[in-house]
>>> print(open('structure.tsv').read())   # TSV, C-alpha atoms
chain	number	residue	atom	x	y	z
J	1	MET	CA	17.27	55.51	-41.11
J	2	ASP	CA	20.22	57.58	-42.27
J	3	SER	CA	21.82	57.14	-45.66
J	4	MET	CA	24.82	55.28	-44.24
J	5	SER	CA	22.84	52.34	-42.94
J	6	ILE	CA	20.72	52.27	-46.10
J	7	VAL	CA	23.87	51.96	-48.24
J	8	ALA	CA	25.36	49.29	-45.96
J	9	MET	CA	22.12	47.29	-45.89
J	10	ALA	CA	21.57	47.53	-49.65
J	11	SER	CA	25.17	46.44	-50.37
J	12	ILE	CA	25.09	43.39	-48.13
J	13	ILE	CA	21.64	42.20	-49.22
J	14	THR	CA	22.46	42.77	-52.89
J	15	ALA	CA	25.75	40.87	-52.58
J	16	GLY	CA	23.95	37.87	-51.10
J	17	ILE	CA	21.16	37.93	-53.68
J	18	CYS	CA	23.64	38.39	-56.54
J	19	MET	CA	25.67	35.35	-55.54
J	20	GLY	CA	22.65	33.23	-54.69
J	21	ILE	CA	20.66	33.80	-57.87
J	22	GLY	CA	23.77	33.99	-60.00
J	23	ALA	CA	24.86	30.51	-58.97
J	24	ILE	CA	21.60	28.83	-60.03
J	25	GLY	CA	22.01	29.16	-63.78
J	26	PRO	CA	25.66	28.07	-64.03
J	27	GLY	CA	24.88	25.19	-61.64
J	28	PHE	CA	22.20	23.83	-63.96
J	29	GLY	CA	24.40	24.49	-66.98
J	30	MET	CA	27.43	22.69	-65.58
J	31	GLY	CA	25.26	19.77	-64.53
J	32	ARG	CA	23.89	19.39	-68.04
J	33	ALA	CA	27.36	19.73	-69.58
J	34	VAL	CA	28.86	17.04	-67.35
J	35	GLN	CA	25.85	14.79	-67.99
J	36	GLY	CA	26.29	15.11	-71.74
J	37	ALA	CA	30.03	14.51	-71.56
J	38	LEU	CA	29.65	11.44	-69.35
J	39	ASN	CA	27.05	9.97	-71.69
J	40	SER	CA	29.35	10.52	-74.65
J	41	ILE	CA	32.36	9.01	-72.87
J	42	ALA	CA	30.27	5.98	-71.91
J	43	GLN	CA	29.29	5.50	-75.54
J	44	GLN	CA	32.68	6.26	-77.09
J	45	PRO	CA	35.52	5.69	-74.61
J	46	ASP	CA	38.09	6.11	-77.39
J	47	GLU	CA	37.23	9.79	-77.79
J	48	ARG	CA	37.67	10.49	-74.10
J	49	ASN	CA	40.69	12.83	-74.46
J	50	SER	CA	39.02	15.12	-76.94
J	51	LEU	CA	35.74	15.02	-74.98
J	52	THR	CA	37.45	15.83	-71.68
J	53	ARG	CA	39.30	18.77	-73.16
J	54	THR	CA	36.16	20.20	-74.71
J	55	LEU	CA	34.28	19.60	-71.46
J	56	PHE	CA	36.86	21.53	-69.43
J	57	VAL	CA	36.86	24.46	-71.81
J	58	GLY	CA	33.08	24.51	-71.82
J	59	LEU	CA	32.92	24.27	-68.04
J	60	ALA	CA	35.30	27.21	-67.77
J	61	MET	CA	33.01	29.22	-70.03
J	62	ILE	CA	29.95	28.38	-67.94
J	63	GLU	CA	31.77	28.89	-64.68
J	64	SER	CA	32.91	32.37	-65.66
J	65	ILE	CA	29.29	33.55	-65.37
J	66	ALA	CA	29.22	32.50	-61.73
J	67	ILE	CA	32.64	34.08	-61.27
J	68	TYR	CA	31.32	37.41	-62.57
J	69	CYS	CA	28.58	37.30	-59.91
J	70	PHE	CA	31.16	36.44	-57.27
J	71	VAL	CA	33.42	39.32	-58.27
J	72	ILE	CA	30.45	41.72	-58.15
J	73	SER	CA	29.50	40.58	-54.64
J	74	MET	CA	33.14	40.80	-53.53
J	75	ILE	CA	33.29	44.38	-54.82
J	76	LEU	CA	30.04	45.16	-53.01
J	77	VAL	CA	31.33	43.75	-49.72
J	78	PHE	CA	35.02	44.69	-49.73
J	79	ALA	CA	35.60	47.55	-52.19
J	80	ASN	CA	32.25	49.31	-52.39
J	81	PRO	CA	32.56	52.72	-54.10
J	82	PHE	CA	29.24	53.98	-52.65
J	83	TRP	CA	30.28	53.01	-49.16
J	84	THR	CA	33.59	54.92	-49.46
J	85	TYR	CA	31.64	57.92	-50.76
J	86	VAL	CA	29.23	57.84	-47.81
J	87	MET	CA	32.10	57.39	-45.37
J	88	LYS	CA	33.92	60.36	-46.86
J	89	LYS	CA	30.77	62.48	-46.55
J	90	ALA	CA	30.26	61.43	-42.96
J	91	GLY	CA	33.91	62.08	-42.15
J	92	GLY	CA	33.61	65.70	-43.25
U	1	MET	CA	50.61	33.54	-41.98
U	2	GLU	CA	48.38	35.62	-44.19
U	3	ILE	CA	49.90	38.71	-45.69
U	4	VAL	CA	46.71	39.78	-47.45
U	5	ALA	CA	44.17	40.93	-44.86
U	6	ILE	CA	40.66	39.59	-45.18
U	7	ASP	CA	39.24	42.96	-46.26
U	8	GLN	CA	41.74	43.37	-49.11
U	9	ILE	CA	40.76	41.71	-52.37
U	10	SER	CA	44.11	42.06	-54.11
U	11	PRO	CA	47.78	41.59	-53.19
U	12	ASP	CA	48.38	44.92	-54.95
U	13	GLN	CA	47.26	46.59	-51.76
U	14	VAL	CA	50.08	45.02	-49.73
U	15	ILE	CA	53.03	47.41	-49.97
U	16	LEU	CA	56.19	45.59	-48.95
U	17	PHE	CA	58.65	48.35	-49.72
U	18	ALA	CA	58.22	52.04	-50.54
U	19	TRP	CA	60.95	54.42	-51.62
U	20	GLY	CA	59.88	57.83	-52.93
U	21	PHE	CA	57.21	57.22	-55.53
U	22	VAL	CA	58.41	53.65	-56.14
U	23	ARG	CA	56.12	51.18	-54.43
U	24	ILE	CA	56.96	47.50	-54.51
U	25	ASN	CA	53.83	45.47	-53.75
U	26	ALA	CA	53.41	41.77	-53.08
U	27	THR	CA	52.26	41.03	-56.65
U	28	LEU	CA	55.47	42.38	-58.14
U	29	VAL	CA	57.72	40.56	-55.70
U	30	TYR	CA	56.08	37.19	-56.20
U	31	THR	CA	55.93	37.64	-59.99
U	32	TRP	CA	59.69	38.25	-59.98
U	33	LEU	CA	60.24	35.22	-57.77
U	34	ILE	CA	58.28	32.96	-60.13
U	35	MET	CA	60.03	34.44	-63.16
U	36	GLY	CA	63.45	33.95	-61.56
U	37	LEU	CA	62.62	30.39	-60.56
U	38	LEU	CA	61.47	29.47	-64.08
U	39	VAL	CA	64.42	31.14	-65.82
U	40	ILE	CA	67.11	29.83	-63.47
U	41	GLY	CA	65.57	26.37	-63.43
U	42	SER	CA	65.40	26.18	-67.21
U	43	ILE	CA	68.98	27.43	-67.64
U	44	ALA	CA	70.29	25.00	-65.03
U	45	ILE	CA	68.51	22.03	-66.61
U	46	THR	CA	69.24	22.81	-70.26
U	47	GLY	CA	72.91	23.51	-69.44
U	48	ASN	CA	73.87	19.83	-69.63
U	49	LEU	CA	71.45	18.12	-71.99
U	50	SER	CA	72.39	14.67	-73.20
U	51	THR	CA	71.31	12.57	-76.14
U	52	GLU	CA	72.77	9.43	-74.58
U	53	ARG	CA	70.70	6.60	-73.24
U	54	THR	CA	70.94	7.88	-69.66
U	55	LEU	CA	69.17	11.16	-68.95
U	56	SER	CA	69.36	13.29	-65.88
U	57	ARG	CA	66.04	13.16	-64.04
U	58	TRP	CA	65.50	16.88	-64.54
U	59	GLN	CA	65.94	16.59	-68.28
U	60	ASN	CA	63.41	13.78	-68.23
U	61	LEU	CA	60.95	15.99	-66.36
U	62	LEU	CA	61.42	18.85	-68.81
U	63	GLU	CA	61.01	16.53	-71.79
U	64	VAL	CA	57.71	15.25	-70.41
U	65	ILE	CA	56.40	18.79	-69.88
U	66	VAL	CA	57.51	20.05	-73.29
U	67	GLY	CA	56.22	16.94	-75.05
U	68	THR	CA	52.80	17.14	-73.42
U	69	ILE	CA	52.35	20.81	-74.22
U	70	ARG	CA	53.45	20.24	-77.82
U	71	SER	CA	51.00	17.39	-78.34
U	72	GLU	CA	48.15	19.43	-76.84
U	73	ILE	CA	48.95	22.32	-79.18
U	74	ARG	CA	49.20	19.98	-82.17
U	75	GLU	CA	45.76	18.54	-81.47
U	76	ILE	CA	44.19	22.00	-81.63
U	77	ALA	CA	46.26	23.77	-84.28
U	78	HIS	CA	47.14	20.75	-86.50
U	79	GLU	CA	50.12	22.65	-87.97
U	80	GLY	CA	52.76	25.18	-86.99
U	81	THR	CA	53.19	23.79	-83.48
U	82	ASP	CA	56.62	25.37	-83.06
U	83	THR	CA	55.27	28.84	-83.90
U	84	TYR	CA	52.78	28.84	-81.04
U	85	PHE	CA	54.76	26.78	-78.57
U	86	PRO	CA	56.86	29.55	-76.90
U	87	PHE	CA	53.87	31.81	-76.22
U	88	ILE	CA	51.44	29.13	-75.02
U	89	ALA	CA	54.01	27.26	-72.94
U	90	THR	CA	55.18	30.46	-71.26
U	91	LEU	CA	51.62	31.37	-70.29
U	92	PHE	CA	50.92	27.85	-69.05
U	93	LEU	CA	54.09	27.42	-67.01
U	94	PHE	CA	53.90	30.86	-65.41
U	95	ILE	CA	50.26	30.45	-64.36
U	96	LEU	CA	50.84	26.86	-63.26
U	97	PHE	CA	53.75	27.68	-60.99
U	98	SER	CA	52.21	30.82	-59.54
U	99	ASN	CA	49.05	28.81	-58.71
U	100	LEU	CA	50.86	25.79	-57.32
U	101	PHE	CA	52.92	27.58	-54.70
U	102	THR	CA	49.83	28.76	-52.80
U	103	PHE	CA	50.34	26.05	-50.19
U	104	ILE	CA	53.48	27.84	-48.96
U	105	PRO	CA	52.61	30.09	-45.99
U	106	GLY	CA	53.09	33.77	-46.69
U	107	TYR	CA	52.90	33.29	-50.44
U	108	VAL	CA	50.21	35.05	-52.46
U	109	ALA	CA	49.63	33.94	-56.02
U	110	PRO	CA	50.37	36.86	-58.35
U	111	THR	CA	47.51	35.56	-60.49
U	112	SER	CA	45.06	36.44	-57.70
U	113	SER	CA	45.57	40.10	-58.65
U	114	LEU	CA	43.52	41.48	-61.51
U	115	THR	CA	46.53	43.41	-62.86
U	116	THR	CA	48.52	40.24	-63.62
U	117	THR	CA	45.65	38.42	-65.26
U	118	ALA	CA	44.63	41.50	-67.24
U	119	ALA	CA	48.20	41.82	-68.53
U	120	MET	CA	48.20	38.20	-69.69
U	121	ALA	CA	44.75	38.52	-71.27
U	122	ILE	CA	45.92	41.62	-73.17
U	123	MET	CA	48.93	39.63	-74.38
U	124	VAL	CA	46.52	37.05	-75.83
U	125	PHE	CA	44.37	39.87	-77.26
U	126	ILE	CA	47.42	41.21	-79.16
U	127	ALA	CA	48.84	37.80	-80.09
U	128	VAL	CA	45.66	36.59	-81.83
U	129	PRO	CA	45.65	39.17	-84.69
U	130	MET	CA	49.46	39.01	-84.89
U	131	TYR	CA	49.46	35.27	-85.55
U	132	GLY	CA	46.43	35.61	-87.83
U	133	ILE	CA	48.04	38.32	-89.98
U	134	ALA	CA	51.38	36.51	-90.07
U	135	LYS	CA	49.66	33.35	-91.31
U	136	ASN	CA	47.02	34.64	-93.75
U	137	GLY	CA	47.93	38.23	-94.56
U	138	ILE	CA	46.08	41.30	-93.35
U	139	LEU	CA	43.28	41.24	-95.95
U	140	GLU	CA	42.34	37.65	-95.35
U	141	TYR	CA	42.41	38.24	-91.59
U	142	LEU	CA	40.15	41.30	-91.80
U	143	LYS	CA	37.78	39.43	-94.08
U	144	GLU	CA	37.07	37.00	-91.25
U	145	TYR	CA	35.29	39.82	-89.42
U	146	PHE	CA	32.72	40.12	-92.21
U	147	ARG	CA	31.73	36.46	-92.40
U	148	PRO	CA	29.12	35.27	-93.09
U	149	THR	CA	27.76	38.77	-93.85
U	150	PHE	CA	28.79	42.28	-92.90
U	151	ILE	CA	26.05	42.41	-90.24
U	152	PHE	CA	28.21	40.20	-88.06
U	153	PHE	CA	31.05	42.74	-87.86
U	154	PRO	CA	29.99	44.37	-84.55
U	155	PHE	CA	29.44	40.95	-82.96
U	156	HIS	CA	32.92	39.79	-83.93
U	157	VAL	CA	34.44	42.96	-82.45
U	158	MET	CA	32.36	42.63	-79.28
U	159	GLY	CA	33.41	39.00	-78.98
U	160	GLU	CA	37.09	39.97	-79.14
U	161	PHE	CA	36.73	42.32	-76.19
U	162	SER	CA	34.36	40.24	-74.10
U	163	ARG	CA	36.51	37.12	-74.35
U	164	THR	CA	39.57	39.12	-73.26
U	165	LEU	CA	37.64	40.38	-70.24
U	166	ALA	CA	36.38	36.87	-69.50
U	167	LEU	CA	39.90	35.44	-69.72
U	168	ALA	CA	41.20	37.96	-67.18
U	169	VAL	CA	38.29	37.85	-64.75
U	170	ARG	CA	38.01	34.04	-64.82
U	171	LEU	CA	41.56	33.42	-63.63
U	172	PHE	CA	41.44	36.31	-61.14
U	173	GLY	CA	38.06	35.27	-59.75
U	174	ASN	CA	39.03	31.64	-59.28
U	175	LEU	CA	42.27	32.38	-57.47
U	176	MET	CA	40.88	35.26	-55.41
U	177	SER	CA	37.80	33.27	-54.36
U	178	HIS	CA	40.04	30.39	-53.31
U	179	GLU	CA	42.12	32.72	-51.16
U	180	LYS	CA	39.06	34.26	-49.54
U	181	VAL	CA	37.47	30.86	-48.85
U	182	ILE	CA	40.67	29.73	-47.11
U	183	ALA	CA	40.81	32.91	-45.04
U	184	ILE	CA	37.17	32.63	-43.98
U	185	LEU	CA	37.48	28.92	-43.17
U	186	LEU	CA	40.59	29.60	-41.07
U	187	ALA	CA	38.52	31.98	-38.99
U	188	VAL	CA	35.47	29.70	-38.70
U	189	THR	CA	36.78	26.11	-38.53
U	190	PRO	CA	40.54	26.04	-38.14
U	191	LEU	CA	42.83	23.00	-38.47
U	192	PHE	CA	41.04	20.52	-40.72
U	193	PHE	CA	38.81	22.08	-43.37
U	194	PRO	CA	41.36	24.64	-44.59
U	195	VAL	CA	43.72	21.76	-45.42
U	196	VAL	CA	41.07	20.05	-47.55
U	197	MET	CA	40.32	23.32	-49.32
U	198	GLN	CA	44.05	23.87	-49.94
U	199	ALA	CA	44.23	20.47	-51.65
U	200	LEU	CA	41.22	21.43	-53.76
U	201	GLY	CA	42.95	24.72	-54.52
U	202	LEU	CA	45.93	22.90	-56.06
U	203	LEU	CA	43.53	21.10	-58.42
U	204	ILE	CA	41.77	24.37	-59.28
U	205	GLY	CA	45.12	26.03	-59.95
U	206	ILE	CA	46.23	23.33	-62.39
U	207	ILE	CA	42.88	23.31	-64.20
U	208	GLN	CA	42.83	27.09	-64.51
U	209	ALA	CA	46.37	27.18	-65.93
U	210	TYR	CA	45.36	24.48	-68.43
U	211	ILE	CA	42.16	26.32	-69.38
U	212	PHE	CA	43.94	29.65	-69.87
U	213	ALA	CA	46.54	28.10	-72.18
U	214	ILE	CA	43.97	26.01	-74.10
U	215	LEU	CA	41.65	29.00	-74.58
U	216	ALA	CA	44.53	31.16	-75.82
U	217	MET	CA	45.44	28.39	-78.28
U	218	VAL	CA	41.81	27.99	-79.43
U	219	TYR	CA	41.53	31.74	-80.07
U	220	ILE	CA	44.78	31.76	-82.03
U	221	ALA	CA	43.72	28.68	-83.99
U	222	SER	CA	40.39	30.26	-84.90
U	223	ALA	CA	42.20	33.35	-86.21
U	224	THR	CA	44.80	31.45	-88.23
U	225	GLN	CA	42.41	29.04	-89.95
U	226	THR	CA	40.72	30.61	-92.92
U	227	HIS	CA	37.07	29.98	-93.61
U	228	GLU	CA	37.49	27.87	-96.75
U	229	GLU	CA	40.10	25.70	-95.10
U	230	ALA	CA	37.83	25.00	-92.16
U	231	GLY	CA	35.07	23.94	-94.53
U	232	HIS	CA	37.12	21.19	-96.19
U	233	LYS	CA	38.96	19.49	-93.38
U	234	PRO	CA	37.11	17.84	-90.51
U	235	LYS	CA	38.29	20.05	-87.67
U	236	LYS	CA	36.22	18.59	-84.91
U	237	ASP	CA	38.42	19.87	-82.06
U	238	THR	CA	38.45	23.54	-82.89
U	239	GLU	CA	34.94	23.61	-84.28
U	240	ALA	CA	33.45	22.17	-81.12
U	241	VAL	CA	35.07	24.68	-78.80
U	242	LYS	CA	34.89	27.76	-81.00
U	243	ILE	CA	32.91	29.75	-78.48
U	244	GLN	CA	33.10	33.49	-79.01
>>> encode(input="structure.tsv", output="structure tokens")
Amino acid sequence: MDSMSIVAMASIITAGICMGIGAIGPGFGMGRAVQGALNSIAQQPDERNSLTRTLFVGLAMIESIAIYCFVISMILVFANPFWTYVMKKAGG
Amino acid sequence: MEIVAIDQISPDQVILFAWGFVRINATLVYTWLIMGLLVIGSIAITGNLSTERTLSRWQNLLEVIVGTIRSEIREIAHEGTDTYFPFIATLFLFILFSNLFTFIPGYVAPTSSLTTTAAMAIMVFIAVPMYGIAKNGILEYLKEYFRPTFIFFPFHVMGEFSRTLALAVRLFGNLMSHEKVIAILLAVTPLFFPVVMQALGLLIGIIQAYIFAILAMVYIASATQTHEEAGHKPKKDTEAVKIQ
């Protein structure tokens, strides 16, 4: 197998694994956050505005971890520096 | 009509007009369009304000927007609402409008380019110490970095940079992923599912604009409140969301 196909294969497989494993943690985290917020709103409906705002900010924080993974896989698929290097080498 | 091809991850790569070394890309054009819309709209509405009992409907709309943003800021900062209002409201309105217009064919949100979001995150990065120093003086502001002990200094500095990076990449990632999902769905299952995802995208756009503005306000509030002050008053809002 030449280096070109190794780079292509490694990039695609790594992008998939990165997104797949990277989504597990934030998924659990967001689930727990929403669960806690819903419990609190059910107990204290008067505080719902403050709770919702805090929940959204917290969700954004958790979600950004998944977004990092997504950006990494997007870079691997669409703007891969190693792939451009290999292509340049192959081109001459 | 998609003007960003599926293998381009940023509207920066779409050159609409090139003259010599000047290259006008899609991000610039749409940023100018949004800016022009906001400026001209605001001037046109505030041109004939009335304090009578009958309002024009546009003045009513603007009053609702301004009032909501002010009350949100007041709940986080507790004081000095008017100091923070111009900065926070500008960020919010610009991001909101650039996200909302994504349902127009041929439009690309300028916020789906990392350059725009990085510029706005750097603005927040500069604004936080500026507001902090203006409120508490430079010594009191710098002292915050050494609380509770001097060991925490590198962590505070790291937090400043990592939250700026997170602010930029979060907005960019959300908008860019939305665009890519739409493009892929259009190729796989045209007609129905892209419409549903577009509707979801409007919701995501509003939430992201809200989150960006709220986070900027929380960062500024954490820099302007001194440590002693935070100990006395029950500041449940800012304490709960004071995450790096």
>>> atom_distance(input="structure.tsv", atom1="atom CA of U:Thr46", atom2="atom CA of U:Arg70")
17.7 Å
>>> residues_near_point(input="structure.tsv", point="(24.5, 54.2, -52.4)", cutoff="10 Å", atoms="only C-alpha atoms", output="ChimeraX atom specification")
/J:3-11,80-86
>>> interface_residues(input="structure.tsv", of="chain J", to="chain U", cutoff="6 Å", atoms="all atoms listed in the file", output="VMD selection string")
chain J and resid 64 67 78
>>> residues_around(input="structure.tsv", residues="U:Ala134", least_positions_apart="2", cutoff="12 Å", atoms="only C-alpha atoms", output="JSON, numbers by chain")
{"U": [80, 83, 84, 127, 128, 129, 130, 131, 132, 136, 137, 138, 139, 140, 141, 220, 223, 224, 225]}
>>> write_last_selection(input="structure.tsv", atoms="C-alpha atoms", output="PDB file, keeping the file's coordinate frame")
ATOM      1  CA  GLY U  80      52.760  25.180 -86.990  1.00  0.00           C
ATOM      2  CA  THR U  83      55.270  28.840 -83.900  1.00  0.00           C
ATOM      3  CA  TYR U  84      52.780  28.840 -81.040  1.00  0.00           C
ATOM      4  CA  ALA U 127      48.840  37.800 -80.090  1.00  0.00           C
ATOM      5  CA  VAL U 128      45.660  36.590 -81.830  1.00  0.00           C
ATOM      6  CA  PRO U 129      45.650  39.170 -84.690  1.00  0.00           C
ATOM      7  CA  MET U 130      49.460  39.010 -84.890  1.00  0.00           C
ATOM      8  CA  TYR U 131      49.460  35.270 -85.550  1.00  0.00           C
ATOM      9  CA  GLY U 132      46.430  35.610 -87.830  1.00  0.00           C
ATOM     10  CA  ASN U 136      47.020  34.640 -93.750  1.00  0.00           C
ATOM     11  CA  GLY U 137      47.930  38.230 -94.560  1.00  0.00           C
ATOM     12  CA  ILE U 138      46.080  41.300 -93.350  1.00  0.00           C
ATOM     13  CA  LEU U 139      43.280  41.240 -95.950  1.00  0.00           C
ATOM     14  CA  GLU U 140      42.340  37.650 -95.350  1.00  0.00           C
ATOM     15  CA  TYR U 141      42.410  38.240 -91.590  1.00  0.00           C
ATOM     16  CA  ILE U 220      44.780  31.760 -82.030  1.00  0.00           C
ATOM     17  CA  ALA U 223      42.200  33.350 -86.210  1.00  0.00           C
ATOM     18  CA  THR U 224      44.800  31.450 -88.230  1.00  0.00           C
ATOM     19  CA  GLN U 225      42.410  29.040 -89.950  1.00  0.00           C
TER      20      GLN U 225
END
>>> atom_distance(input="structure.tsv", atom1="atom CA of U:Gln198", atom2="atom CA of U:Thr27")
20.2 Å
>>> atom_distance(input="structure.tsv", atom1="atom CA of U:Ile69", atom2="atom CA of U:Thr90")
10.5 Å
>>> axis_aligned_box(input="structure.tsv", around="stretch 64-74 of chain U", padding_each_side="6 Å", output="AutoDock Vina command-line options")
--center_x 52.9 --center_y 18.8 --center_z -76.0 --size_x 21.6 --size_y 19.1 --size_z 24.3
>>> residues_around(input="structure.tsv", residues="J:Thr52", least_positions_apart="3", cutoff="10 Å", atoms="all atoms listed in the file", output="list of chain:residue names")
J:Val34, J:Ala37, J:Leu38, J:Ile41, J:Glu47, J:Arg48, J:Asn49, J:Leu55, J:Phe56, J:Val57, J:Gly58
>>> build_atoms(input="structure.tsv", residues="stretch 117-142 of chain U", atoms="N, CA and C atoms", output="PDB file, in the frame of the given file")
ATOM      1  N   THR U 117      46.458  39.150 -64.293  1.00  0.00           N
ATOM      2  CA  THR U 117      45.650  38.420 -65.260  1.00  0.00           C
ATOM      3  C   THR U 117      45.241  39.299 -66.423  1.00  0.00           C
ATOM      4  N   ALA U 118      44.989  40.596 -66.148  1.00  0.00           N
ATOM      5  CA  ALA U 118      44.630  41.500 -67.240  1.00  0.00           C
ATOM      6  C   ALA U 118      45.806  41.641 -68.196  1.00  0.00           C
ATOM      7  N   ALA U 119      47.030  41.711 -67.656  1.00  0.00           N
ATOM      8  CA  ALA U 119      48.200  41.820 -68.530  1.00  0.00           C
ATOM      9  C   ALA U 119      48.306  40.608 -69.431  1.00  0.00           C
ATOM     10  N   MET U 120      48.075  39.411 -68.866  1.00  0.00           N
ATOM     11  CA  MET U 120      48.200  38.200 -69.690  1.00  0.00           C
ATOM     12  C   MET U 120      47.069  38.116 -70.713  1.00  0.00           C
ATOM     13  N   ALA U 121      45.852  38.546 -70.319  1.00  0.00           N
ATOM     14  CA  ALA U 121      44.750  38.520 -71.270  1.00  0.00           C
ATOM     15  C   ALA U 121      45.007  39.500 -72.410  1.00  0.00           C
ATOM     16  N   ILE U 122      45.619  40.657 -72.113  1.00  0.00           N
ATOM     17  CA  ILE U 122      45.920  41.620 -73.170  1.00  0.00           C
ATOM     18  C   ILE U 122      47.001  41.059 -74.106  1.00  0.00           C
ATOM     19  N   MET U 123      47.941  40.289 -73.530  1.00  0.00           N
ATOM     20  CA  MET U 123      48.930  39.630 -74.380  1.00  0.00           C
ATOM     21  C   MET U 123      48.247  38.709 -75.387  1.00  0.00           C
ATOM     22  N   VAL U 124      47.264  37.935 -74.916  1.00  0.00           N
ATOM     23  CA  VAL U 124      46.520  37.050 -75.830  1.00  0.00           C
ATOM     24  C   VAL U 124      45.761  37.887 -76.855  1.00  0.00           C
ATOM     25  N   PHE U 125      45.145  38.977 -76.393  1.00  0.00           N
ATOM     26  CA  PHE U 125      44.370  39.870 -77.260  1.00  0.00           C
ATOM     27  C   PHE U 125      45.231  40.402 -78.406  1.00  0.00           C
ATOM     28  N   ILE U 126      46.518  40.700 -78.113  1.00  0.00           N
ATOM     29  CA  ILE U 126      47.420  41.210 -79.160  1.00  0.00           C
ATOM     30  C   ILE U 126      47.954  40.059 -80.004  1.00  0.00           C
ATOM     31  N   ALA U 127      48.203  38.917 -79.362  1.00  0.00           N
ATOM     32  CA  ALA U 127      48.840  37.800 -80.090  1.00  0.00           C
ATOM     33  C   ALA U 127      47.907  37.216 -81.139  1.00  0.00           C
ATOM     34  N   VAL U 128      46.586  37.222 -80.878  1.00  0.00           N
ATOM     35  CA  VAL U 128      45.660  36.590 -81.830  1.00  0.00           C
ATOM     36  C   VAL U 128      45.714  37.251 -83.202  1.00  0.00           C
ATOM     37  N   PRO U 129      45.521  38.579 -83.344  1.00  0.00           N
ATOM     38  CA  PRO U 129      45.650  39.170 -84.690  1.00  0.00           C
ATOM     39  C   PRO U 129      47.060  39.077 -85.246  1.00  0.00           C
ATOM     40  N   MET U 130      48.095  39.106 -84.369  1.00  0.00           N
ATOM     41  CA  MET U 130      49.460  39.010 -84.890  1.00  0.00           C
ATOM     42  C   MET U 130      49.689  37.684 -85.589  1.00  0.00           C
ATOM     43  N   TYR U 131      49.309  36.590 -84.925  1.00  0.00           N
ATOM     44  CA  TYR U 131      49.460  35.270 -85.550  1.00  0.00           C
ATOM     45  C   TYR U 131      48.578  35.156 -86.781  1.00  0.00           C
ATOM     46  N   GLY U 132      47.340  35.708 -86.694  1.00  0.00           N
ATOM     47  CA  GLY U 132      46.430  35.610 -87.830  1.00  0.00           C
ATOM     48  C   GLY U 132      46.969  36.324 -89.045  1.00  0.00           C
ATOM     49  N   ILE U 133      47.514  37.553 -88.854  1.00  0.00           N
ATOM     50  CA  ILE U 133      48.040  38.320 -89.980  1.00  0.00           C
ATOM     51  C   ILE U 133      49.306  37.667 -90.521  1.00  0.00           C
ATOM     52  N   ALA U 134      50.145  37.159 -89.614  1.00  0.00           N
ATOM     53  CA  ALA U 134      51.380  36.510 -90.070  1.00  0.00           C
ATOM     54  C   ALA U 134      51.071  35.276 -90.903  1.00  0.00           C
ATOM     55  N   LYS U 135      49.976  34.592 -90.588  1.00  0.00           N
ATOM     56  CA  LYS U 135      49.660  33.350 -91.310  1.00  0.00           C
ATOM     57  C   LYS U 135      48.940  33.644 -92.630  1.00  0.00           C
ATOM     58  N   ASN U 136      47.910  34.507 -92.596  1.00  0.00           N
ATOM     59  CA  ASN U 136      47.020  34.640 -93.750  1.00  0.00           C
ATOM     60  C   ASN U 136      47.142  35.966 -94.483  1.00  0.00           C
ATOM     61  N   GLY U 137      47.907  36.912 -93.949  1.00  0.00           N
ATOM     62  CA  GLY U 137      47.930  38.230 -94.560  1.00  0.00           C
ATOM     63  C   GLY U 137      46.810  39.084 -93.991  1.00  0.00           C
ATOM     64  N   ILE U 138      46.990  40.417 -94.079  1.00  0.00           N
ATOM     65  CA  ILE U 138      46.080  41.300 -93.350  1.00  0.00           C
ATOM     66  C   ILE U 138      44.689  41.312 -93.966  1.00  0.00           C
ATOM     67  N   LEU U 139      44.602  41.173 -95.296  1.00  0.00           N
ATOM     68  CA  LEU U 139      43.280  41.240 -95.950  1.00  0.00           C
ATOM     69  C   LEU U 139      42.432  40.035 -95.571  1.00  0.00           C
ATOM     70  N   GLU U 140      43.073  38.876 -95.654  1.00  0.00           N
ATOM     71  CA  GLU U 140      42.340  37.650 -95.350  1.00  0.00           C
ATOM     72  C   GLU U 140      41.888  37.642 -93.897  1.00  0.00           C
ATOM     73  N   TYR U 141      42.773  38.195 -93.014  1.00  0.00           N
ATOM     74  CA  TYR U 141      42.410  38.240 -91.590  1.00  0.00           C
ATOM     75  C   TYR U 141      41.215  39.152 -91.373  1.00  0.00           C
ATOM     76  N   LEU U 142      41.248  40.350 -92.013  1.00  0.00           N
ATOM     77  CA  LEU U 142      40.150  41.300 -91.800  1.00  0.00           C
ATOM     78  C   LEU U 142      38.848  40.784 -92.397  1.00  0.00           C
TER      79      LEU U 142
END
